[in-house]
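Raw contents of protein38.pdb, PDB, C-alpha atoms:
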```
ATOM      1  CA  MET A   1     -37.047 -30.659  -1.419
ATOM      2  CA  GLU A   2     -33.691 -29.054  -2.181
ATOM      3  CA  GLU A   3     -31.969 -32.467  -1.885
ATOM      4  CA  ASN A   4     -34.257 -33.855  -4.636
ATOM      5  CA  ASP A   5     -33.461 -30.854  -6.795
ATOM      6  CA  ILE A   6     -29.759 -31.472  -6.332
ATOM      7  CA  LYS A   7     -30.061 -35.155  -7.278
ATOM      8  CA  LYS A   8     -32.094 -34.276 -10.377
ATOM      9  CA  GLU A   9     -29.551 -31.690 -11.271
ATOM     10  CA  LEU A  10     -26.739 -34.287 -11.013
ATOM     11  CA  ASP A  11     -28.756 -36.708 -13.160
ATOM     12  CA  ALA A  12     -29.209 -34.004 -15.777
ATOM     13  CA  GLN A  13     -25.486 -33.313 -15.712
ATOM     14  CA  GLU A  14     -24.705 -37.021 -16.124
ATOM     15  CA  ALA A  15     -22.668 -37.193 -12.919
ATOM     16  CA  PRO A  16     -23.564 -40.704 -11.580
ATOM     17  CA  LEU A  17     -20.602 -40.914  -9.169
ATOM     18  CA  LEU A  18     -21.468 -37.660  -7.437
ATOM     19  CA  ARG A  19     -25.173 -38.604  -7.551
ATOM     20  CA  ALA A  20     -24.463 -41.891  -5.739
ATOM     21  CA  GLN A  21     -22.494 -40.178  -2.922
ATOM     22  CA  GLN A  22     -24.707 -37.143  -2.418
ATOM     23  CA  GLY A  23     -25.878 -36.962   1.223
ATOM     24  CA  LYS A  24     -23.644 -39.897   2.289
ATOM     25  CA  VAL A  25     -20.327 -38.152   2.816
ATOM     26  CA  PRO A  26     -19.470 -38.171   6.550
ATOM     27  CA  LYS A  27     -18.687 -34.957   8.422
ATOM     28  CA  TRP A  28     -15.379 -34.266  10.126
ATOM     29  CA  GLU A  29     -15.565 -34.897  13.841
ATOM     30  CA  LEU A  30     -14.556 -31.950  15.986
ATOM     31  CA  PRO A  31     -12.161 -32.606  18.891
ATOM     32  CA  SER A  32     -13.841 -32.632  22.330
ATOM     33  CA  GLY A  33     -14.308 -29.107  23.737
ATOM     34  CA  TYR A  34     -13.074 -27.566  20.474
ATOM     35  CA  LEU A  35     -15.858 -24.990  20.119
ATOM     36  CA  ASP A  36     -15.462 -23.719  23.703
ATOM     37  CA  GLN A  37     -11.714 -23.291  23.156
ATOM     38  CA  LEU A  38     -12.392 -21.570  19.842
ATOM     39  CA  ALA A  39     -14.736 -19.083  21.550
ATOM     40  CA  ASP A  40     -12.058 -18.390  24.217
ATOM     41  CA  ARG A  41      -9.333 -17.771  21.621
ATOM     42  CA  ALA A  42     -11.558 -15.613  19.434
ATOM     43  CA  LEU A  43     -12.626 -13.497  22.437
ATOM     44  CA  ASP A  44      -9.001 -13.093  23.549
ATOM     45  CA  GLN A  45      -7.964 -11.954  20.078
ATOM     46  CA  ALA A  46     -10.976  -9.708  19.529
ATOM     47  CA  THR A  47     -10.526  -7.861  22.827
ATOM     48  CA  ALA A  48      -6.716  -7.512  22.509
ATOM     49  CA  LYS A  49      -7.095  -4.668  19.979
ATOM     50  CA  PRO A  50      -4.914  -1.987  21.707
ATOM     51  CA  VAL A  51      -1.925  -4.359  21.860
ATOM     52  CA  THR A  52      -2.341  -5.185  18.201
ATOM     53  CA  THR A  53      -2.467  -1.481  17.321
ATOM     54  CA  TYR A  54       0.679  -0.802  19.392
ATOM     55  CA  ARG A  55       2.519  -3.662  17.677
ATOM     56  CA  ARG A  56       1.455  -2.383  14.288
ATOM     57  CA  LEU A  57       2.706   1.083  15.185
ATOM     58  CA  ARG A  58       6.056  -0.382  16.209
ATOM     59  CA  VAL A  59       6.300  -2.186  12.887
ATOM     60  CA  VAL A  60       5.428   1.037  11.033
ATOM     61  CA  ALA A  61       8.053   2.936  13.085
ATOM     62  CA  ARG A  62      10.723   0.386  12.157
ATOM     63  CA  TRP A  63       9.887   0.746   8.492
ATOM     64  CA  ALA A  64       9.972   4.545   8.789
ATOM     65  CA  VAL A  65      13.444   4.442  10.373
ATOM     66  CA  ALA A  66      14.669   2.066   7.674
ATOM     67  CA  ALA A  67      13.293   4.350   4.958
ATOM     68  CA  ALA A  68      14.963   7.393   6.555
ATOM     69  CA  VAL A  69      18.336   5.617   6.692
ATOM     70  CA  ILE A  70      18.016   4.661   3.027
ATOM     71  CA  LEU A  71      17.110   8.254   2.102
ATOM     72  CA  VAL A  72      20.081   9.715   3.999
ATOM     73  CA  ALA A  73      22.435   7.157   2.432
ATOM     74  CA  GLY A  74      20.961   8.010  -0.962
ATOM     75  CA  PHE A  75      21.528  11.763  -0.504
ATOM     76  CA  TRP A  76      25.076  11.152   0.722
ATOM     77  CA  TRP A  77      25.818   9.018  -2.314
ATOM     78  CA  MET A  78      24.270  11.577  -4.655
ATOM     79  CA  SER A  79      26.302  14.402  -3.142
ATOM     80  CA  ASN A  80      29.489  12.398  -3.718
ATOM     81  CA  GLN A  81      28.458  11.773  -7.295
ATOM     82  CA  SER A  82      28.196  15.544  -7.859
ATOM     83  CA  PHE A  83      32.021  15.866  -7.699
ATOM     84  CA  GLU A  84      32.420  13.804 -10.816
ATOM     85  CA  PRO A  85      31.881  16.689 -13.336
ATOM     86  CA  THR A  86      34.697  18.669 -11.594
ATOM     87  CA  ALA A  87      36.979  15.692 -11.997
ATOM     88  CA  GLN A  88      36.038  15.499 -15.650
ATOM     89  CA  LEU A  89      36.833  19.224 -15.981
ATOM     90  CA  ALA A  90      40.292  18.633 -14.508
ATOM     91  CA  GLU A  91      40.942  16.035 -17.186
ATOM     92  CA  LEU A  92      40.081  18.541 -19.934
ATOM     93  CA  ASP A  93      42.593  18.600 -22.822
ATOM     94  CA  TRP A  94      43.814  22.242 -22.676
ATOM     95  CA  ASN A  95      45.991  21.762 -25.768
ATOM     96  CA  SER A  96      42.874  21.337 -27.882
ATOM     97  CA  ILE A  97      41.769  24.933 -27.095
ATOM     98  CA  PRO A  98      43.228  27.497 -29.527
ATOM     99  CA  THR A  99      45.628  30.026 -27.952
ATOM    100  CA  GLU A 100      43.602  32.903 -29.424
ATOM    101  CA  ASP A 101      40.530  31.707 -27.525
ATOM    102  CA  LEU A 102      42.480  31.517 -24.267
ATOM    103  CA  GLN A 103      43.949  34.993 -24.773
ATOM    104  CA  GLN A 104      40.529  36.383 -25.534
ATOM    105  CA  TYR A 105      39.124  34.748 -22.379
ATOM    106  CA  VAL A 106      41.918  36.173 -20.202
ATOM    107  CA  SER A 107      41.598  39.700 -21.616
ATOM    108  CA  ASP A 108      37.806  39.586 -21.127
ATOM    109  CA  ASN A 109      38.159  38.379 -17.548
ATOM    110  CA  ILE A 110      41.430  39.935 -16.502
ATOM    111  CA  GLU A 111      39.954  41.219 -13.260
ATOM    112  CA  GLU A 112      39.209  37.697 -12.154
ATOM    113  CA  PHE A 113      42.874  36.644 -12.240
ATOM    114  CA  ASP A 114      45.509  36.918  -9.540
ATOM    115  CA  LEU A 115      48.145  38.988 -11.346
ATOM    116  CA  ASP A 116      51.048  37.588  -9.284
ATOM    117  CA  LEU A 117      50.123  34.038 -10.286
ATOM    118  CA  LEU A 118      49.683  35.150 -13.898
ATOM    119  CA  ALA A 119      53.136  36.717 -13.965
ATOM    120  CA  GLU A 120      54.669  33.614 -12.361
ATOM    121  CA  GLY A 121      53.016  31.409 -14.976
ATOM    122  CA  ALA A 122      54.238  33.703 -17.750
ATOM    123  CA  LEU A 123      57.829  33.474 -16.459
ATOM    124  CA  GLU A 124      57.711  29.698 -16.428
ATOM    125  CA  THR A 125      56.349  29.629 -19.968
ATOM    126  CA  ALA A 126      58.832  32.152 -21.343
ATOM    127  CA  GLY A 127      61.846  30.340 -19.818
ATOM    128  CA  SER A 128      64.440  31.446 -17.277
ATOM    129  CA  THR A 129      66.681  33.048 -19.978
ATOM    130  CA  VAL A 130      64.387  36.049 -20.210
ATOM    131  CA  VAL A 131      64.687  36.849 -16.535
ATOM    132  CA  PRO A 132      67.978  38.501 -15.528
ATOM    133  CA  PRO A 133      69.804  36.777 -12.712
ATOM    134  CA  ALA A 134      69.202  38.270  -9.270
ATOM    135  CA  PRO A 135      72.215  39.568  -7.373
ATOM    136  CA  ALA A 136      73.784  36.887  -5.176
ATOM    137  CA  GLY A 137      74.617  37.237  -1.476
ATOM    138  CA  ASP A 138      73.637  40.155   0.769
ATOM    139  CA  VAL A 139      71.934  42.834  -1.219
ATOM    140  CA  SER A 140      72.263  46.518  -0.334
ATOM    141  CA  ILE A 141      69.450  48.996  -0.927
ATOM    142  CA  GLU A 142      71.520  50.755  -3.559
ATOM    143  CA  ALA A 143      72.233  47.576  -5.440
ATOM    144  CA  LEU A 144      68.506  46.659  -5.373
ATOM    145  CA  GLU A 145      67.428  50.059  -6.739
ATOM    146  CA  GLU A 146      70.029  49.768  -9.479
ATOM    147  CA  PHE A 147      68.796  46.295 -10.347
ATOM    148  CA  LEU A 148      65.193  47.464 -10.619
ATOM    149  CA  GLN A 149      66.110  50.567 -12.652
ATOM    150  CA  ASP A 150      68.396  48.835 -15.130
ATOM    151  CA  ASP A 151      66.769  45.448 -15.583
ATOM    152  CA  ASP A 152      63.034  45.956 -15.709
ATOM    153  CA  GLU A 153      62.980  46.078 -19.509
ATOM    154  CA  TRP A 154      62.532  42.282 -19.506
ATOM    155  CA  LEU A 155      58.967  42.791 -18.236
ATOM    156  CA  ASP A 156      58.167  45.086 -21.167
ATOM    157  CA  ASP A 157      59.699  42.594 -23.606
ATOM    158  CA  LEU A 158      57.237  39.899 -22.610
ATOM    159  CA  GLU A 159      54.655  39.220 -25.277
ATOM    160  CA  SER A 160      51.161  38.155 -24.259
ATOM    161  CA  GLU A 161      51.811  34.789 -26.015
ATOM    162  CA  ASP A 162      54.577  34.153 -23.444
ATOM    163  CA  TRP A 163      52.049  34.206 -20.653
ATOM    164  CA  PHE A 164      50.565  30.857 -21.720
TER     165      PHE A 164
ATOM    166  CA  MET B   1     -29.402 -11.766  18.921
ATOM    167  CA  GLN B   2     -30.749 -10.091  22.058
ATOM    168  CA  LEU B   3     -27.716 -11.327  24.011
ATOM    169  CA  LEU B   4     -25.331 -10.086  21.314
ATOM    170  CA  GLY B   5     -27.050  -6.697  21.224
ATOM    171  CA  ASN B   6     -26.547  -6.194  24.969
ATOM    172  CA  PRO B   7     -22.923  -5.159  25.703
ATOM    173  CA  ALA B   8     -23.088  -6.648  29.203
ATOM    174  CA  ARG B   9     -24.097 -10.059  27.860
ATOM    175  CA  ARG B  10     -22.385  -9.976  24.502
ATOM    176  CA  GLU B  11     -19.726 -12.509  25.492
ATOM    177  CA  GLN B  12     -22.402 -14.976  26.591
ATOM    178  CA  GLY B  13     -24.275 -14.469  23.321
ATOM    179  CA  PHE B  14     -21.075 -14.943  21.340
ATOM    180  CA  ARG B  15     -20.328 -18.284  23.042
ATOM    181  CA  LEU B  16     -23.845 -19.443  22.219
ATOM    182  CA  LEU B  17     -23.365 -18.408  18.586
ATOM    183  CA  VAL B  18     -20.042 -20.305  18.325
ATOM    184  CA  ASN B  19     -21.630 -23.450  19.779
ATOM    185  CA  THR B  20     -24.673 -23.200  17.504
ATOM    186  CA  TYR B  21     -22.981 -22.466  14.163
ATOM    187  CA  GLY B  22     -19.334 -23.420  14.778
ATOM    188  CA  ASP B  23     -19.647 -27.018  13.577
ATOM    189  CA  ARG B  24     -21.378 -26.098  10.297
ATOM    190  CA  LEU B  25     -18.900 -23.315   9.617
ATOM    191  CA  TYR B  26     -16.020 -25.675  10.408
ATOM    192  CA  GLN B  27     -17.304 -28.211   7.825
ATOM    193  CA  HIS B  28     -17.779 -25.464   5.230
ATOM    194  CA  ILE B  29     -14.307 -23.983   5.729
ATOM    195  CA  ARG B  30     -12.560 -27.347   5.883
ATOM    196  CA  ARG B  31     -13.990 -28.383   2.500
ATOM    197  CA  MET B  32     -12.263 -25.331   1.079
ATOM    198  CA  VAL B  33      -8.918 -25.273   2.924
ATOM    199  CA  HIS B  34      -8.652 -29.059   3.585
ATOM    200  CA  THR B  35      -6.545 -29.368   6.750
ATOM    201  CA  HIS B  36      -7.643 -29.022  10.384
ATOM    202  CA  GLU B  37      -4.856 -26.529  11.201
ATOM    203  CA  ASP B  38      -5.779 -24.187   8.359
ATOM    204  CA  THR B  39      -9.490 -24.579   9.107
ATOM    205  CA  ASP B  40      -8.821 -23.704  12.746
ATOM    206  CA  ASP B  41      -6.978 -20.494  11.753
ATOM    207  CA  VAL B  42      -9.637 -19.394   9.258
ATOM    208  CA  LEU B  43     -12.513 -20.202  11.621
ATOM    209  CA  GLN B  44     -10.865 -18.244  14.455
ATOM    210  CA  ASN B  45     -10.376 -15.220  12.184
ATOM    211  CA  THR B  46     -14.013 -15.562  11.106
ATOM    212  CA  MET B  47     -15.211 -15.568  14.705
ATOM    213  CA  VAL B  48     -13.055 -12.558  15.602
ATOM    214  CA  LYS B  49     -14.613 -10.597  12.737
ATOM    215  CA  VAL B  50     -18.074 -11.735  13.781
ATOM    216  CA  PHE B  51     -17.525 -10.518  17.347
ATOM    217  CA  ARG B  52     -16.117  -7.158  16.273
ATOM    218  CA  SER B  53     -18.815  -6.400  13.734
ATOM    219  CA  ILE B  54     -21.876  -8.060  15.229
ATOM    220  CA  ASP B  55     -23.661  -4.698  15.273
ATOM    221  CA  ARG B  56     -23.787  -4.740  11.466
ATOM    222  CA  CYS B  57     -25.929  -7.877  11.394
ATOM    223  CA  ARG B  58     -29.592  -7.032  11.105
ATOM    224  CA  GLY B  59     -31.737  -9.673  12.790
ATOM    225  CA  LEU B  60     -31.673 -13.420  13.309
ATOM    226  CA  SER B  61     -33.029 -14.190   9.823
ATOM    227  CA  GLN B  62     -29.880 -12.771   8.265
ATOM    228  CA  LEU B  63     -27.432 -14.092  10.854
ATOM    229  CA  TYR B  64     -26.816 -17.427   9.154
ATOM    230  CA  THR B  65     -26.252 -15.856   5.708
ATOM    231  CA  TRP B  66     -24.009 -13.206   7.256
ATOM    232  CA  LEU B  67     -21.876 -15.819   9.065
ATOM    233  CA  TYR B  68     -21.459 -17.859   5.890
ATOM    234  CA  ARG B  69     -20.472 -14.779   3.942
ATOM    235  CA  ILE B  70     -17.720 -13.907   6.415
ATOM    236  CA  ALA B  71     -16.510 -17.538   6.563
ATOM    237  CA  THR B  72     -16.481 -17.832   2.763
ATOM    238  CA  ASN B  73     -14.614 -14.541   2.311
ATOM    239  CA  GLU B  74     -12.057 -15.510   4.960
ATOM    240  CA  SER B  75     -11.521 -18.882   3.245
ATOM    241  CA  LEU B  76     -11.103 -17.280  -0.179
ATOM    242  CA  THR B  77      -8.644 -14.744   1.250
ATOM    243  CA  PHE B  78      -6.679 -17.569   2.890
ATOM    244  CA  LEU B  79      -6.563 -19.549  -0.381
ATOM    245  CA  GLU B  80      -5.373 -16.496  -2.323
ATOM    246  CA  ARG B  81      -2.610 -15.836   0.202
ATOM    247  CA  GLN B  82      -1.611 -19.507   0.133
ATOM    248  CA  LYS B  83      -1.476 -19.420  -3.662
ATOM    249  CA  ARG B  84       0.786 -16.324  -3.635
ATOM    250  CA  GLN B  85       3.130 -17.910  -1.079
ATOM    251  CA  ARG B  86       3.247 -21.118  -3.087
ATOM    252  CA  THR B  87       4.180 -19.162  -6.193
ATOM    253  CA  LEU B  88       6.781 -17.167  -4.275
ATOM    254  CA  PHE B  89       8.515 -20.166  -2.717
ATOM    255  CA  ALA B  90       7.720 -22.628  -5.541
ATOM    256  CA  ASP B  91       6.396 -25.096  -2.986
ATOM    257  CA  SER B  92       3.383 -27.044  -4.188
ATOM    258  CA  THR B  93       1.725 -28.254  -0.995
ATOM    259  CA  GLU B  94      -1.338 -29.074  -3.048
ATOM    260  CA  ASN B  95       0.589 -31.885  -4.683
ATOM    261  CA  ASN B  96       1.549 -33.253  -1.289
ATOM    262  CA  PHE B  97      -2.006 -33.132  -0.086
ATOM    263  CA  PRO B  98      -3.235 -36.650  -1.105
ATOM    264  CA  GLU B  99      -0.164 -38.356   0.383
ATOM    265  CA  ALA B 100      -0.400 -36.332   3.572
ATOM    266  CA  ARG B 101      -3.981 -37.382   4.068
ATOM    267  CA  ALA B 102      -3.633 -41.012   2.958
ATOM    268  CA  ALA B 103      -2.665 -42.235   6.436
ATOM    269  CA  GLU B 104      -5.974 -41.005   7.852
ATOM    270  CA  VAL B 105      -8.067 -43.123   5.524
ATOM    271  CA  GLU B 106      -9.346 -46.449   6.789
ATOM    272  CA  LEU B 107     -13.105 -46.748   6.429
ATOM    273  CA  ASP B 108     -15.202 -46.639   3.259
ATOM    274  CA  GLY B 109     -16.966 -43.445   4.319
ATOM    275  CA  GLU B 110     -13.677 -41.744   4.913
ATOM    276  CA  HIS B 111     -12.355 -43.040   1.615
ATOM    277  CA  ILE B 112     -15.277 -41.412  -0.162
ATOM    278  CA  ARG B 113     -14.671 -38.184   1.703
ATOM    279  CA  GLN B 114     -10.963 -38.265   0.920
ATOM    280  CA  ARG B 115     -11.529 -38.811  -2.814
ATOM    281  CA  LEU B 116     -14.043 -35.980  -2.904
ATOM    282  CA  ASP B 117     -11.661 -33.794  -0.906
ATOM    283  CA  GLN B 118      -8.881 -34.454  -3.402
ATOM    284  CA  ALA B 119     -11.229 -33.680  -6.290
ATOM    285  CA  ILE B 120     -12.395 -30.428  -4.685
ATOM    286  CA  ALA B 121      -8.764 -29.425  -4.131
ATOM    287  CA  THR B 122      -8.363 -29.213  -7.926
ATOM    288  CA  LEU B 123     -11.077 -26.525  -8.248
ATOM    289  CA  PRO B 124     -10.522 -22.755  -8.267
ATOM    290  CA  PRO B 125     -11.381 -21.167  -4.871
ATOM    291  CA  LYS B 126     -14.809 -19.759  -5.793
ATOM    292  CA  GLN B 127     -15.934 -22.995  -7.431
ATOM    293  CA  LYS B 128     -14.904 -24.823  -4.256
ATOM    294  CA  ALA B 129     -17.160 -22.602  -2.188
ATOM    295  CA  VAL B 130     -20.111 -22.862  -4.581
ATOM    296  CA  PHE B 131     -19.821 -26.660  -4.926
ATOM    297  CA  SER B 132     -19.483 -27.138  -1.161
ATOM    298  CA  MET B 133     -22.574 -25.094  -0.374
ATOM    299  CA  ARG B 134     -24.722 -26.729  -3.019
ATOM    300  CA  TYR B 135     -23.592 -30.364  -2.869
ATOM    301  CA  PHE B 136     -22.881 -30.808   0.853
ATOM    302  CA  GLU B 137     -25.027 -28.192   2.528
ATOM    303  CA  GLU B 138     -27.862 -28.389   0.000
ATOM    304  CA  LYS B 139     -28.425 -24.672  -0.141
ATOM    305  CA  SER B 140     -30.765 -23.162  -2.725
ATOM    306  CA  TYR B 141     -29.282 -20.916  -5.395
ATOM    307  CA  GLN B 142     -31.348 -18.070  -4.014
ATOM    308  CA  GLU B 143     -29.781 -18.436  -0.569
ATOM    309  CA  MET B 144     -26.309 -18.745  -2.083
ATOM    310  CA  ALA B 145     -26.884 -15.572  -4.107
ATOM    311  CA  GLY B 146     -27.349 -13.753  -0.781
ATOM    312  CA  ILE B 147     -24.085 -15.160   0.569
ATOM    313  CA  PHE B 148     -21.960 -14.571  -2.539
ATOM    314  CA  THR B 149     -23.772 -11.386  -3.570
ATOM    315  CA  THR B 150     -23.895 -12.618  -7.150
ATOM    316  CA  SER B 151     -26.571 -13.758  -9.601
ATOM    317  CA  VAL B 152     -28.298 -17.163  -9.579
ATOM    318  CA  GLY B 153     -27.229 -17.695 -13.203
ATOM    319  CA  ALA B 154     -23.542 -17.176 -12.391
ATOM    320  CA  LEU B 155     -23.805 -19.601  -9.464
ATOM    321  CA  LYS B 156     -25.488 -22.276 -11.619
ATOM    322  CA  ALA B 157     -22.741 -21.973 -14.223
ATOM    323  CA  SER B 158     -20.038 -22.190 -11.561
ATOM    324  CA  TYR B 159     -21.640 -25.264  -9.958
ATOM    325  CA  HIS B 160     -22.062 -26.930 -13.367
ATOM    326  CA  HIS B 161     -18.333 -26.544 -14.146
ATOM    327  CA  ALA B 162     -17.381 -27.844 -10.704
ATOM    328  CA  VAL B 163     -19.595 -30.947 -11.071
ATOM    329  CA  LYS B 164     -18.055 -31.757 -14.469
ATOM    330  CA  LYS B 165     -14.497 -31.499 -13.123
ATOM    331  CA  ILE B 166     -15.155 -33.532  -9.989
ATOM    332  CA  GLU B 167     -17.059 -36.274 -11.820
ATOM    333  CA  SER B 168     -14.177 -36.498 -14.290
ATOM    334  CA  TYR B 169     -11.657 -36.721 -11.419
ATOM    335  CA  LEU B 170     -13.643 -39.447  -9.611
ATOM    336  CA  SER B 171     -13.990 -41.509 -12.789
ATOM    337  CA  LEU B 172     -10.176 -41.832 -12.951
ATOM    338  CA  ASP B 173     -10.285 -44.426 -10.115
TER     339      ASP B 173
END
```

Before anything else, please render the file you have as structure tokens.
Amino acid sequence: MEENDIKKELDAQEAPLLRAQQGKVPKWELPSGYLDQLADRALDQATAKPVTTYRRLRVVARWAVAAAVILVAGFWWMSNQSFEPTAQLAELDWNSIPTEDLQQYVSDNIEEFDLDLLAEGALETAGSTVVPPAPAGDVSIEALEEFLQDDDEWLDDLESEDWF
Amino acid sequence: MQLLGNPARREQGFRLLVNTYGDRLYQHIRRMVHTHEDTDDVLQNTMVKVFRSIDRCRGLSQLYTWLYRIATNESLTFLERQKRQRTLFADSTENNFPEARAAEVELDGEHIRQRLDQAIATLPPKQKAVFSMRYFEEKSYQEMAGIFTTSVGALKASYHHAVKKIESYLSLD
């Protein structure tokens, strides 16, 4: 019944080549014992579920380890990148900052500075001519007191501009 | 179905099922995937799914439809995966198909089958399945609607397109 319907359908669709072959196409021959072997293989695979799950877990674990390594490497790289702004700061052009602004900053934050370093920097800027020469050779206590009493005016003569 | 429903005799029931329906499912799958090796893989996967989910099948009347649905879905999944791999590796095995099969062809009947096989290989996966079920297995549209879970109208349209393409291909001889 259905075969007649199919042939009529092919006639209606003007498909004479398919119409002529319908029902005559040979089947593929299965190899001897194929279906028994197929049942064996399918049963083996279907009942081997725990092994499959374990293998899948191992695959998942490998991926997890790989992802963790990538994350750690990423964080390490990012932390190295964070030093870049400091490097950029070091390359800042100090000459472009007006002296008045620097003086204002120092006077506002004077407590933050190491005064010894500040004095040393001021001496370098002002030049060695300002500083009186220190007594050469062995120095006695008396000579040192005299030096400090007589020659400490140079510190008072320093202008704040000389500090920079 | 009684054997399959009994856990102690399920294996025996499964072997009976494979021997009863295996040949028909093999023919159906092979018309879609074309080579014995691929058919063997898809049929084995089908049977594994059948064994694992046999409890979902309700009664002998639905067994045949249920088996065909699993086999068709497995074949379509295989064809999709094959298509993705072919795109990925730019390897068109479909083009090699006629040459690969040419050595097998000797007799007239086999020549007819080979030409039809080549023509079917040009169809999209779902049209392959619809054409195979209607033309070779002579299934009614109503029965096919149960397997594909789609409307009779959609199946008729799909079959109509497939017939046009295959007739056109065969007329090139």

Q.
For the provided coordinates, the residues matched by the ChimeraX specification (/A :<9) & /B should be stated as a ChimeraX atom specification.
A. /B:11,14-15,18-19,22-23,26-27,30,40,43-49,51-52,109-110,112-113,116,134-140,160,163-164,166-168,170-171

Output C-alpha atoms for every residue in that selection, as a PDB file, in the coordinates of the input.
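File written: again_24.pdb
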```pdb
ATOM      1  CA  GLU B  11     -19.726 -12.509  25.492  1.00  0.00           C
ATOM      2  CA  PHE B  14     -21.075 -14.943  21.340  1.00  0.00           C
ATOM      3  CA  ARG B  15     -20.328 -18.284  23.042  1.00  0.00           C
ATOM      4  CA  VAL B  18     -20.042 -20.305  18.325  1.00  0.00           C
ATOM      5  CA  ASN B  19     -21.630 -23.450  19.779  1.00  0.00           C
ATOM      6  CA  GLY B  22     -19.334 -23.420  14.778  1.00  0.00           C
ATOM      7  CA  ASP B  23     -19.647 -27.018  13.577  1.00  0.00           C
ATOM      8  CA  TYR B  26     -16.020 -25.675  10.408  1.00  0.00           C
ATOM      9  CA  GLN B  27     -17.304 -28.211   7.825  1.00  0.00           C
ATOM     10  CA  ARG B  30     -12.560 -27.347   5.883  1.00  0.00           C
ATOM     11  CA  ASP B  40      -8.821 -23.704  12.746  1.00  0.00           C
ATOM     12  CA  LEU B  43     -12.513 -20.202  11.621  1.00  0.00           C
ATOM     13  CA  GLN B  44     -10.865 -18.244  14.455  1.00  0.00           C
ATOM     14  CA  ASN B  45     -10.376 -15.220  12.184  1.00  0.00           C
ATOM     15  CA  THR B  46     -14.013 -15.562  11.106  1.00  0.00           C
ATOM     16  CA  MET B  47     -15.211 -15.568  14.705  1.00  0.00           C
ATOM     17  CA  VAL B  48     -13.055 -12.558  15.602  1.00  0.00           C
ATOM     18  CA  LYS B  49     -14.613 -10.597  12.737  1.00  0.00           C
ATOM     19  CA  PHE B  51     -17.525 -10.518  17.347  1.00  0.00           C
ATOM     20  CA  ARG B  52     -16.117  -7.158  16.273  1.00  0.00           C
ATOM     21  CA  GLY B 109     -16.966 -43.445   4.319  1.00  0.00           C
ATOM     22  CA  GLU B 110     -13.677 -41.744   4.913  1.00  0.00           C
ATOM     23  CA  ILE B 112     -15.277 -41.412  -0.162  1.00  0.00           C
ATOM     24  CA  ARG B 113     -14.671 -38.184   1.703  1.00  0.00           C
ATOM     25  CA  LEU B 116     -14.043 -35.980  -2.904  1.00  0.00           C
ATOM     26  CA  ARG B 134     -24.722 -26.729  -3.019  1.00  0.00           C
ATOM     27  CA  TYR B 135     -23.592 -30.364  -2.869  1.00  0.00           C
ATOM     28  CA  PHE B 136     -22.881 -30.808   0.853  1.00  0.00           C
ATOM     29  CA  GLU B 137     -25.027 -28.192   2.528  1.00  0.00           C
ATOM     30  CA  GLU B 138     -27.862 -28.389   0.000  1.00  0.00           C
ATOM     31  CA  LYS B 139     -28.425 -24.672  -0.141  1.00  0.00           C
ATOM     32  CA  SER B 140     -30.765 -23.162  -2.725  1.00  0.00           C
ATOM     33  CA  HIS B 160     -22.062 -26.930 -13.367  1.00  0.00           C
ATOM     34  CA  VAL B 163     -19.595 -30.947 -11.071  1.00  0.00           C
ATOM     35  CA  LYS B 164     -18.055 -31.757 -14.469  1.00  0.00           C
ATOM     36  CA  ILE B 166     -15.155 -33.532  -9.989  1.00  0.00           C
ATOM     37  CA  GLU B 167     -17.059 -36.274 -11.820  1.00  0.00           C
ATOM     38  CA  SER B 168     -14.177 -36.498 -14.290  1.00  0.00           C
ATOM     39  CA  LEU B 170     -13.643 -39.447  -9.611  1.00  0.00           C
ATOM     40  CA  SER B 171     -13.990 -41.509 -12.789  1.00  0.00           C
TER      41      SER B 171
END
```

Can you pull out every residue within 10 Å of Trp66 of chain B, counting all atoms listed in the file, but drop anything in the same chain fewer than 3 positions away, and send it as a PDB file with C-alpha atoms, keeping the file's coordinate frame?
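Saved file out_20.pdb follows:
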```pdb
ATOM      1  CA  VAL B  50     -18.074 -11.735  13.781  1.00  0.00           C
ATOM      2  CA  ILE B  54     -21.876  -8.060  15.229  1.00  0.00           C
ATOM      3  CA  ARG B  56     -23.787  -4.740  11.466  1.00  0.00           C
ATOM      4  CA  CYS B  57     -25.929  -7.877  11.394  1.00  0.00           C
ATOM      5  CA  ARG B  58     -29.592  -7.032  11.105  1.00  0.00           C
ATOM      6  CA  LEU B  60     -31.673 -13.420  13.309  1.00  0.00           C
ATOM      7  CA  SER B  61     -33.029 -14.190   9.823  1.00  0.00           C
ATOM      8  CA  GLN B  62     -29.880 -12.771   8.265  1.00  0.00           C
ATOM      9  CA  LEU B  63     -27.432 -14.092  10.854  1.00  0.00           C
ATOM     10  CA  ARG B  69     -20.472 -14.779   3.942  1.00  0.00           C
ATOM     11  CA  ILE B  70     -17.720 -13.907   6.415  1.00  0.00           C
ATOM     12  CA  ALA B  71     -16.510 -17.538   6.563  1.00  0.00           C
ATOM     13  CA  THR B  72     -16.481 -17.832   2.763  1.00  0.00           C
ATOM     14  CA  GLY B 146     -27.349 -13.753  -0.781  1.00  0.00           C
ATOM     15  CA  ILE B 147     -24.085 -15.160   0.569  1.00  0.00           C
TER      16      ILE B 147
END
```

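Here atom CA of Ser158 of chain B and atom CA of Lys126 of chain B stand 8.2 Å from one another.
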
Q: Record the distance separating atom CA of Ala145 of chain B and atom CA of Glu80 of chain B, expressed in Å with one decimal.
A: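 Going from atom CA of Ala145 of chain B over to atom CA of Glu80 of chain B, I get 21.6 Å.
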
Q: Please write as a PyMOL selection string the full residue list that the PyMOL selection byres ((chain B and resi 154) around 12) yields on this file.
A: chain B and resi 126-127+130+141-142+144-145+148-153+155-161

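Pairwise distance (atom CA of Arg31 of chain B, atom CA of Gln85 of chain B) equals 20.4 Å.
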